[in-house]
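Shown here: coords_29.pdb, PDB, C-alpha atoms.
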```
ATOM      1  CA  MET A 455       5.865  50.017  11.215
ATOM      2  CA  ILE A 456       3.524  48.457   8.660
ATOM      3  CA  ILE A 457       3.437  51.557   6.455
ATOM      4  CA  ALA A 458       7.060  52.165   5.609
ATOM      5  CA  ARG A 459       8.761  55.531   5.381
ATOM      6  CA  SER A 460       8.619  56.874   1.831
ATOM      7  CA  HIS A 461      10.317  59.857   0.228
ATOM      8  CA  THR A 462       7.839  59.833  -2.671
ATOM      9  CA  ARG A 463       4.585  59.659  -0.687
ATOM     10  CA  PHE A 464       4.016  63.412  -0.547
ATOM     11  CA  LEU A 465       4.976  63.795  -4.202
ATOM     12  CA  THR A 466       2.529  61.057  -5.206
ATOM     13  CA  PHE A 467      -0.194  62.726  -3.153
ATOM     14  CA  LEU A 468       0.497  66.101  -4.733
ATOM     15  CA  ILE A 469       0.581  64.776  -8.307
ATOM     16  CA  SER A 470      -2.616  62.743  -7.792
ATOM     17  CA  LEU A 471      -4.433  65.705  -6.252
ATOM     18  CA  LEU A 472      -3.365  68.048  -9.050
ATOM     19  CA  LEU A 473      -4.386  65.493 -11.691
ATOM     20  CA  PHE A 474      -7.808  65.140 -10.101
ATOM     21  CA  ILE A 475      -8.278  68.919 -10.002
ATOM     22  CA  VAL A 476      -7.137  69.363 -13.617
ATOM     23  CA  ILE A 477      -9.348  66.514 -14.868
ATOM     24  CA  SER A 478     -12.335  67.939 -13.008
ATOM     25  CA  ILE A 479     -11.817  71.477 -14.316
ATOM     26  CA  LEU A 480     -11.327  70.386 -17.929
ATOM     27  CA  THR A 481     -14.289  68.030 -17.761
ATOM     28  CA  TYR A 482     -16.696  70.635 -16.446
ATOM     29  CA  ARG A 483     -15.451  73.328 -18.781
ATOM     30  CA  HIS A 484     -16.025  70.937 -21.707
ATOM     31  CA  GLN A 485     -12.539  71.449 -23.066
ATOM     32  CA  GLY A 486     -10.161  69.324 -25.091
ATOM     33  CA  PHE A 487      -9.660  65.602 -25.113
ATOM     34  CA  LEU A 488     -11.294  65.054 -21.723
ATOM     35  CA  HIS A 489     -14.549  66.483 -23.021
ATOM     36  CA  THR A 490     -14.435  63.840 -25.736
ATOM     37  CA  LEU A 491     -13.872  61.138 -23.111
ATOM     38  CA  THR A 492     -17.027  62.207 -21.256
ATOM     39  CA  GLN A 493     -18.981  61.122 -24.300
ATOM     40  CA  ILE A 494     -17.757  57.540 -23.855
ATOM     41  CA  ASP A 495     -20.821  56.383 -21.953
ATOM     42  CA  TYR A 496     -22.034  52.890 -21.256
ATOM     43  CA  SER A 497     -23.803  52.474 -24.598
ATOM     44  CA  ILE A 498     -20.565  53.141 -26.495
ATOM     45  CA  ALA A 499     -18.621  50.921 -24.088
ATOM     46  CA  ARG A 500     -21.050  48.080 -24.692
ATOM     47  CA  ALA A 501     -20.592  48.467 -28.436
ATOM     48  CA  VAL A 502     -16.802  48.323 -28.101
ATOM     49  CA  VAL A 503     -16.404  45.580 -25.471
ATOM     50  CA  PRO A 504     -16.911  42.116 -27.031
ATOM     51  CA  ASN A 505     -19.466  39.791 -25.468
ATOM     52  CA  TRP A 506     -16.888  37.172 -24.475
ATOM     53  CA  LEU A 507     -14.899  39.761 -22.540
ATOM     54  CA  GLU A 508     -18.014  41.114 -20.837
ATOM     55  CA  ASN A 509     -18.967  37.583 -19.761
ATOM     56  CA  LEU A 510     -15.435  37.021 -18.471
ATOM     57  CA  ILE A 511     -15.457  40.096 -16.247
ATOM     58  CA  LYS A 512     -19.109  39.784 -15.230
ATOM     59  CA  PRO A 513     -18.212  38.429 -11.743
ATOM     60  CA  ALA A 514     -16.716  41.870 -11.051
ATOM     61  CA  TYR A 515     -20.208  43.345 -11.411
ATOM     62  CA  ILE A 516     -20.809  42.605  -7.734
ATOM     63  CA  PHE A 517     -18.403  45.496  -7.042
ATOM     64  CA  SER A 518     -20.104  47.855  -9.493
ATOM     65  CA  HIS A 519     -21.881  49.910  -6.820
ATOM     66  CA  GLY A 520     -19.079  50.169  -4.264
ATOM     67  CA  ILE A 521     -21.270  48.630  -1.534
ATOM     68  CA  LEU A 522     -19.550  45.248  -1.502
ATOM     69  CA  SER A 523     -16.125  46.910  -1.423
ATOM     70  CA  GLY A 524     -17.234  48.822   1.662
ATOM     71  CA  LEU A 525     -18.497  45.610   3.276
ATOM     72  CA  LEU A 526     -15.218  43.803   2.590
ATOM     73  CA  ILE A 527     -13.277  46.737   4.044
ATOM     74  CA  PHE A 528     -15.312  46.411   7.250
ATOM     75  CA  VAL A 529     -14.732  42.642   7.360
ATOM     76  CA  ILE A 530     -10.978  43.113   6.900
ATOM     77  CA  ALA A 531     -10.874  45.694   9.700
ATOM     78  CA  PHE A 532     -12.908  43.377  11.948
ATOM     79  CA  PHE A 533     -10.509  40.448  11.524
ATOM     80  CA  LEU A 534      -7.428  42.654  11.809
ATOM     81  CA  TRP A 535      -8.731  43.921  15.135
ATOM     82  CA  GLY A 536      -9.226  40.338  16.326
ATOM     83  CA  PHE A 537      -5.667  39.386  15.333
ATOM     84  CA  LYS A 538      -4.160  42.271  17.330
ATOM     85  CA  PHE A 539      -3.785  44.618  14.372
ATOM     86  CA  LYS A 540      -5.950  47.155  16.181
ATOM     87  CA  ILE A 541      -4.135  50.271  14.975
ATOM     88  CA  PRO A 542      -4.189  49.242  11.277
ATOM     89  CA  ALA A 543      -7.855  48.254  11.658
ATOM     90  CA  THR A 544      -8.687  51.652  13.136
ATOM     91  CA  TRP A 545      -6.754  53.376  10.362
ATOM     92  CA  ILE A 546      -8.625  51.408   7.692
ATOM     93  CA  LEU A 547     -12.009  52.305   9.163
ATOM     94  CA  LEU A 548     -11.166  55.990   9.595
ATOM     95  CA  THR A 549      -9.675  56.251   6.101
ATOM     96  CA  SER A 550     -12.681  54.517   4.539
ATOM     97  CA  LEU A 551     -15.350  56.444   6.453
ATOM     98  CA  SER A 552     -13.700  59.813   5.824
ATOM     99  CA  GLY A 553     -13.174  58.798   2.183
ATOM    100  CA  TRP A 554     -16.858  57.879   1.919
ATOM    101  CA  LEU A 555     -17.772  61.307   3.267
ATOM    102  CA  LEU A 556     -15.331  63.036   0.909
ATOM    103  CA  ILE A 557     -16.475  61.314  -2.282
ATOM    104  CA  ASN A 558     -20.160  61.786  -1.464
ATOM    105  CA  ILE A 559     -19.640  65.514  -0.901
ATOM    106  CA  LEU A 560     -17.752  65.784  -4.197
ATOM    107  CA  SER A 561     -20.507  63.845  -5.981
ATOM    108  CA  LEU A 562     -23.054  66.391  -4.742
ATOM    109  CA  PHE A 563     -21.008  69.313  -6.053
ATOM    110  CA  PHE A 564     -20.116  67.770  -9.412
ATOM    111  CA  ASN A 565     -23.292  67.489 -11.470
ATOM    112  CA  LEU A 566     -22.396  65.927 -14.796
ATOM    113  CA  GLU A 567     -24.789  64.804 -17.521
ATOM    114  CA  VAL A 568     -23.876  62.960 -20.701
ATOM    115  CA  ASN A 569     -26.502  62.355 -23.379
ATOM    116  CA  GLY A 570     -29.226  63.136 -20.850
ATOM    117  CA  THR A 571     -27.914  60.660 -18.242
ATOM    118  CA  LYS A 572     -26.639  61.832 -14.855
ATOM    119  CA  ILE A 573     -23.091  60.616 -14.294
ATOM    120  CA  VAL A 574     -21.764  59.925 -10.791
ATOM    121  CA  TYR A 575     -18.481  61.822 -10.536
ATOM    122  CA  PRO A 576     -16.050  60.672  -9.216
ATOM    123  CA  ALA A 577     -16.902  56.978  -9.576
ATOM    124  CA  HIS A 578     -17.444  55.354  -6.186
ATOM    125  CA  THR A 579     -16.581  51.925  -7.578
ATOM    126  CA  THR A 580     -12.992  52.627  -8.592
ATOM    127  CA  PHE A 581     -12.482  54.772  -5.486
ATOM    128  CA  PHE A 582     -13.438  52.082  -2.969
ATOM    129  CA  MET A 583     -11.922  49.208  -4.933
ATOM    130  CA  THR A 584      -8.592  51.061  -5.038
ATOM    131  CA  LEU A 585      -8.740  51.596  -1.269
ATOM    132  CA  LEU A 586      -9.687  47.952  -0.659
ATOM    133  CA  ILE A 587      -6.840  46.572  -2.767
ATOM    134  CA  SER A 588      -4.360  49.018  -1.228
ATOM    135  CA  TYR A 589      -5.266  47.873   2.293
ATOM    136  CA  ILE A 590      -4.684  44.250   1.324
ATOM    137  CA  LEU A 591      -1.365  45.023  -0.361
ATOM    138  CA  LEU A 592      -0.131  47.102   2.570
ATOM    139  CA  ILE A 593      -1.209  44.927   5.492
ATOM    140  CA  ILE A 594      -2.231  41.401   4.470
ATOM    141  CA  ILE A 595       0.029  40.457   1.544
ATOM    142  CA  PRO A 596       3.286  41.078   3.502
ATOM    143  CA  GLU A 597       2.058  38.535   6.101
ATOM    144  CA  ILE A 598       2.048  35.782   3.443
ATOM    145  CA  LYS A 599       5.406  34.032   3.804
ATOM    146  CA  HIS A 600       5.669  32.362   0.391
ATOM    147  CA  ASP A 601       6.509  34.375  -2.728
ATOM    148  CA  LEU A 602       4.183  32.232  -4.863
ATOM    149  CA  GLY A 603       1.287  32.917  -2.514
ATOM    150  CA  GLN A 604       1.977  36.642  -2.667
ATOM    151  CA  PHE A 605       2.161  36.524  -6.471
ATOM    152  CA  ILE A 606      -1.154  34.657  -6.765
ATOM    153  CA  CYS A 607      -2.906  37.094  -4.417
ATOM    154  CA  GLN A 608      -1.456  40.118  -6.219
ATOM    155  CA  THR A 609      -2.587  38.712  -9.576
ATOM    156  CA  ILE A 610      -6.127  38.145  -8.256
ATOM    157  CA  LEU A 611      -6.215  41.695  -6.890
ATOM    158  CA  LEU A 612      -5.031  43.157 -10.198
ATOM    159  CA  LEU A 613      -7.624  41.211 -12.185
ATOM    160  CA  SER A 614     -10.334  42.260  -9.715
ATOM    161  CA  TRP A 615      -9.427  45.914 -10.133
ATOM    162  CA  VAL A 616      -9.344  45.699 -13.935
ATOM    163  CA  GLY A 617     -12.662  43.842 -13.979
ATOM    164  CA  THR A 618     -14.254  46.425 -11.683
ATOM    165  CA  PHE A 619     -12.929  49.276 -13.814
ATOM    166  CA  MET A 620     -14.366  47.756 -16.983
ATOM    167  CA  MET A 621     -17.715  46.980 -15.360
ATOM    168  CA  THR A 622     -17.814  50.598 -14.208
ATOM    169  CA  LEU A 623     -17.628  51.653 -17.853
ATOM    170  CA  LEU A 624     -20.504  49.312 -18.646
ATOM    171  CA  SER A 625     -22.727  50.878 -15.978
ATOM    172  CA  PRO A 626     -25.150  53.603 -17.162
ATOM    173  CA  ASN A 627     -24.269  56.100 -14.398
ATOM    174  CA  TYR A 628     -20.505  56.101 -14.938
ATOM    175  CA  ASN A 629     -18.129  56.866 -17.778
ATOM    176  CA  LEU A 630     -14.393  56.707 -18.450
ATOM    177  CA  VAL A 631     -13.583  60.091 -16.940
ATOM    178  CA  SER A 632     -15.522  59.454 -13.719
ATOM    179  CA  ALA A 633     -13.824  56.048 -13.361
ATOM    180  CA  LEU A 634     -10.385  57.624 -13.796
ATOM    181  CA  ALA A 635     -11.270  60.422 -11.374
ATOM    182  CA  GLY A 636     -12.351  57.922  -8.719
ATOM    183  CA  TRP A 637      -9.093  56.005  -9.076
ATOM    184  CA  ILE A 638      -6.875  59.098  -8.915
ATOM    185  CA  LEU A 639      -8.792  60.547  -5.959
ATOM    186  CA  ALA A 640      -8.385  57.250  -4.078
ATOM    187  CA  ILE A 641      -4.612  57.362  -4.581
ATOM    188  CA  ALA A 642      -4.440  60.942  -3.300
ATOM    189  CA  TRP A 643      -6.626  60.151  -0.277
ATOM    190  CA  LEU A 644      -4.654  57.002   0.532
ATOM    191  CA  LYS A 645      -1.309  58.837   0.461
ATOM    192  CA  PHE A 646      -2.737  61.606   2.619
ATOM    193  CA  SER A 647      -4.006  59.036   5.123
ATOM    194  CA  GLU A 648      -0.745  57.078   5.116
ATOM    195  CA  ASN A 649       1.052  60.192   6.271
ATOM    196  CA  PHE A 650      -1.296  60.455   9.266
ATOM    197  CA  TYR A 651      -0.590  56.810  10.069
ATOM    198  CA  ARG A 652       3.147  57.445  10.085
ATOM    199  CA  VAL A 653       2.726  60.417  12.413
ATOM    200  CA  TYR A 654       0.139  59.116  14.886
ATOM    201  CA  ALA A 655       0.433  55.292  14.968
ATOM    202  CA  GLY A 656       3.232  55.366  17.544
ATOM    203  CA  GLU A 657       1.306  57.772  19.743
ATOM    204  CA  LEU A 658      -1.841  55.653  19.502
ATOM    205  CA  TYR A 659       0.159  52.589  20.553
ATOM    206  CA  ARG A 660       0.847  54.243  23.912
ATOM    207  CA  ARG A 661      -2.867  54.661  24.613
ATOM    208  CA  LYS A 662      -4.933  52.221  26.621
ATOM    209  CA  GLY A 663      -6.584  49.602  24.440
ATOM    210  CA  PHE A 664      -3.953  49.764  21.691
ATOM    211  CA  SER A 665      -0.791  48.883  23.602
ATOM    212  CA  ASN A 666      -0.801  45.244  22.443
ATOM    213  CA  SER A 667      -1.406  46.084  18.795
ATOM    214  CA  TRP A 668       0.957  45.548  15.890
ATOM    215  CA  TYR A 669       1.551  48.692  13.911
TER     216      TYR A 669
END
```

Output the file's structure as structure tokens, nothing else.
Amino acid sequence: MIIARSHTRFLTFLISLLLFIVISILTYRHQGFLHTLTQIDYSIARAVVPNWLENLIKPAYIFSHGILSGLLIFVIAFFLWGFKFKIPATWILLTSLSGWLLINILSLFFNLEVNGTKIVYPAHTTFFMTLLISYILLIIIPEIKHDLGQFICQTILLLSWVGTFMMTLLSPNYNLVSALAGWILAIAWLKFSENFYRVYAGELYRRKGFSNSWY
């Protein structure tokens, strides 16, 4: 099975979920250190981040709205389906679509303003980029036979995530706390979804249309 058995998956899910809840409560009650972090908006980030570094990570700006991440997720699922990874492709689409619904509902409930600017909370960018990179690491990277190839791809993925995170901070509708919240929520949602994959992938394989799929 592509998603291996893990004794820490539920623990990771629980810790991530609790962290997200605690961060959200402290942020909206304007308490402690997290309240200070909410004041780190894009104008402060631009003052702190040097121009050379901003120019270096500027290619990551194409992921700054989460739309391109969603498009790439669809493309990955499309090609996986064509290469007889139908069950993983279905899992990716269901996880992403349900995650999109989840984060949009949360964004409607969490109304956060910093210095008169409405902040999107949790950040969609870090949420979808974390899902995208996790899909690649779980399904595509293990199919690369050479260690050097895997290392190069993993390095590119890491740099893409860091660049997207920093560009999120430089966007006017996000801040550090919303970016962290999006990342932590993505981890919790991914672990929750992985558990469903472990439980139902074998059953789905026995259904018509999925019997020739790798899983």

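The shell of residues at most 8 Å from range 464-471 of chain A, with only C-alpha atoms counted and near chain neighbours (fewer than 2 positions) removed, consists of His461, Thr462, Leu473, Phe474, Ile475, Ile638, Leu639, Ile641, Ala642, Trp643, Lys645 and Phe646 of chain A.
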
Hey, can you pull every residue with an atom no more than 10 Å from (-7.8, 44.7, -11.9), using all atoms listed in the file, and send it as a compact mmCIF listing (two decimals) with C-alpha atoms, keeping the file's coordinate frame?
```txt
# COMPACT_ATOMS: atom_id res chain seq x y z
CA ILE A 511 -15.46 40.10 -16.25
CA ALA A 514 -16.72 41.87 -11.05
CA MET A 583 -11.92 49.21 -4.93
CA THR A 584 -8.59 51.06 -5.04
CA ILE A 587 -6.84 46.57 -2.77
CA GLN A 608 -1.46 40.12 -6.22
CA THR A 609 -2.59 38.71 -9.58
CA ILE A 610 -6.13 38.15 -8.26
CA LEU A 611 -6.22 41.70 -6.89
CA LEU A 612 -5.03 43.16 -10.20
CA LEU A 613 -7.62 41.21 -12.18
CA SER A 614 -10.33 42.26 -9.72
CA TRP A 615 -9.43 45.91 -10.13
CA VAL A 616 -9.34 45.70 -13.94
CA GLY A 617 -12.66 43.84 -13.98
CA THR A 618 -14.25 46.42 -11.68
CA PHE A 619 -12.93 49.28 -13.81
CA MET A 620 -14.37 47.76 -16.98
```

May I have a table of the residues of range 507-587 of chain A lying at most 10 Å from range 477-484 of chain A, giving each one's closest pair of atoms and their distance in Å to one decimal, counting all atoms listed in the file, ordered by chain and ascending residue number, as a tab-separated table?
```
residue	atom	partner	partner_atom	distance
A:Phe564	CA	A:Tyr482	CA	8.3
A:Asn565	CA	A:Tyr482	CA	8.8
A:Leu566	CA	A:Tyr482	CA	7.6
A:Tyr575	CA	A:Ser478	CA	9.0
A:Pro576	CA	A:Ser478	CA	9.0
```

Which one is closest to Gly663 in chain A: A:Asn649, A:Thr544, A:Thr622, A:Thr571? Count all atoms listed in the file.
->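 Smallest separation from Gly663 in chain A among the options: A:Thr544.
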
Which distance in Å separates CA of Ala635 in chain A and CA of Met621 in chain A, to one decimal?
-> 15.4 Å

Give me the residues near Ile521 in chain A as an mmCIF file with C-alpha atoms, in the frame of the given file, where near means some atom within 12 Å (using all atoms listed in the file) and where sequence neighbours in that chain fewer than 4 positions away do not count.
```
data_model
loop_
_atom_site.group_PDB
_atom_site.id
_atom_site.type_symbol
_atom_site.label_atom_id
_atom_site.label_comp_id
_atom_site.auth_asym_id
_atom_site.auth_seq_id
_atom_site.Cartn_x
_atom_site.Cartn_y
_atom_site.Cartn_z
ATOM 1 C CA TYR A 515 -20.208 43.345 -11.411
ATOM 2 C CA ILE A 516 -20.809 42.605 -7.734
ATOM 3 C CA PHE A 517 -18.403 45.496 -7.042
ATOM 4 C CA LEU A 525 -18.497 45.610 3.276
ATOM 5 C CA LEU A 526 -15.218 43.803 2.590
ATOM 6 C CA ILE A 527 -13.277 46.737 4.044
ATOM 7 C CA PHE A 528 -15.312 46.411 7.250
ATOM 8 C CA TRP A 554 -16.858 57.879 1.919
ATOM 9 C CA HIS A 578 -17.444 55.354 -6.186
ATOM 10 C CA THR A 579 -16.581 51.925 -7.578
ATOM 11 C CA THR A 580 -12.992 52.627 -8.592
ATOM 12 C CA PHE A 581 -12.482 54.772 -5.486
ATOM 13 C CA PHE A 582 -13.438 52.082 -2.969
ATOM 14 C CA MET A 583 -11.922 49.208 -4.933
ATOM 15 C CA LEU A 586 -9.687 47.952 -0.659
#
```

Point-to-point distance in Å for CA of Ala577 in chain A and CA of Trp637 in chain A |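 These two atoms are separated by 7.9 Å.
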
Pick from A:Ala531, A:Ile573, A:Val476, A:Leu562: nearest to Leu630 in chain A, with all atoms listed in the file counted?
->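 Residue with the minimum atom-to-atom distance to Leu630 in chain A: A:Ile573.
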
Output as AutoDock Vina command-line options the centre and edge lengths (Å, one decimal) of the box along x, y and z of the file that holds every listed atom of range 572-582 of chain A after adding 5 Å on each side.
```
--center_x -19.6 --center_y 56.9 --center_z -8.9 --size_x 24.2 --size_y 19.9 --size_z 21.9
```

re CA of Ile456 in chain A and CA of Tyr669 in chain A: distance 5.6 Å

Please provide as a PyMOL selection string all residues within 8 Å of range 540-542 of chain A, with the sequence filter that same-chain residues fewer than 2 positions apart are discarded (counting only C-alpha atoms).
-> chain A and resi 531+534-538+544-546+593+655+658-659+664+667-669

Residues within 6 Å of (-20.4, 58.9, -14.7), file coords, all atoms listed in the file, listed as a list in words | Ile573, Val574, Tyr575, Asn627, Tyr628, Asn629 and Ser632 of chain A

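Using all atoms listed in the file for every distance, the candidate list A:Gly603, A:Gly570, A:Pro596, A:Gly553 yields A:Gly570 as the residue closest to Pro626 in chain A.
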
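Closest to Thr549 in chain A among A:Leu624, A:Glu648, A:Glu567, A:Glu657 is A:Glu648, based on all atoms listed in the file.
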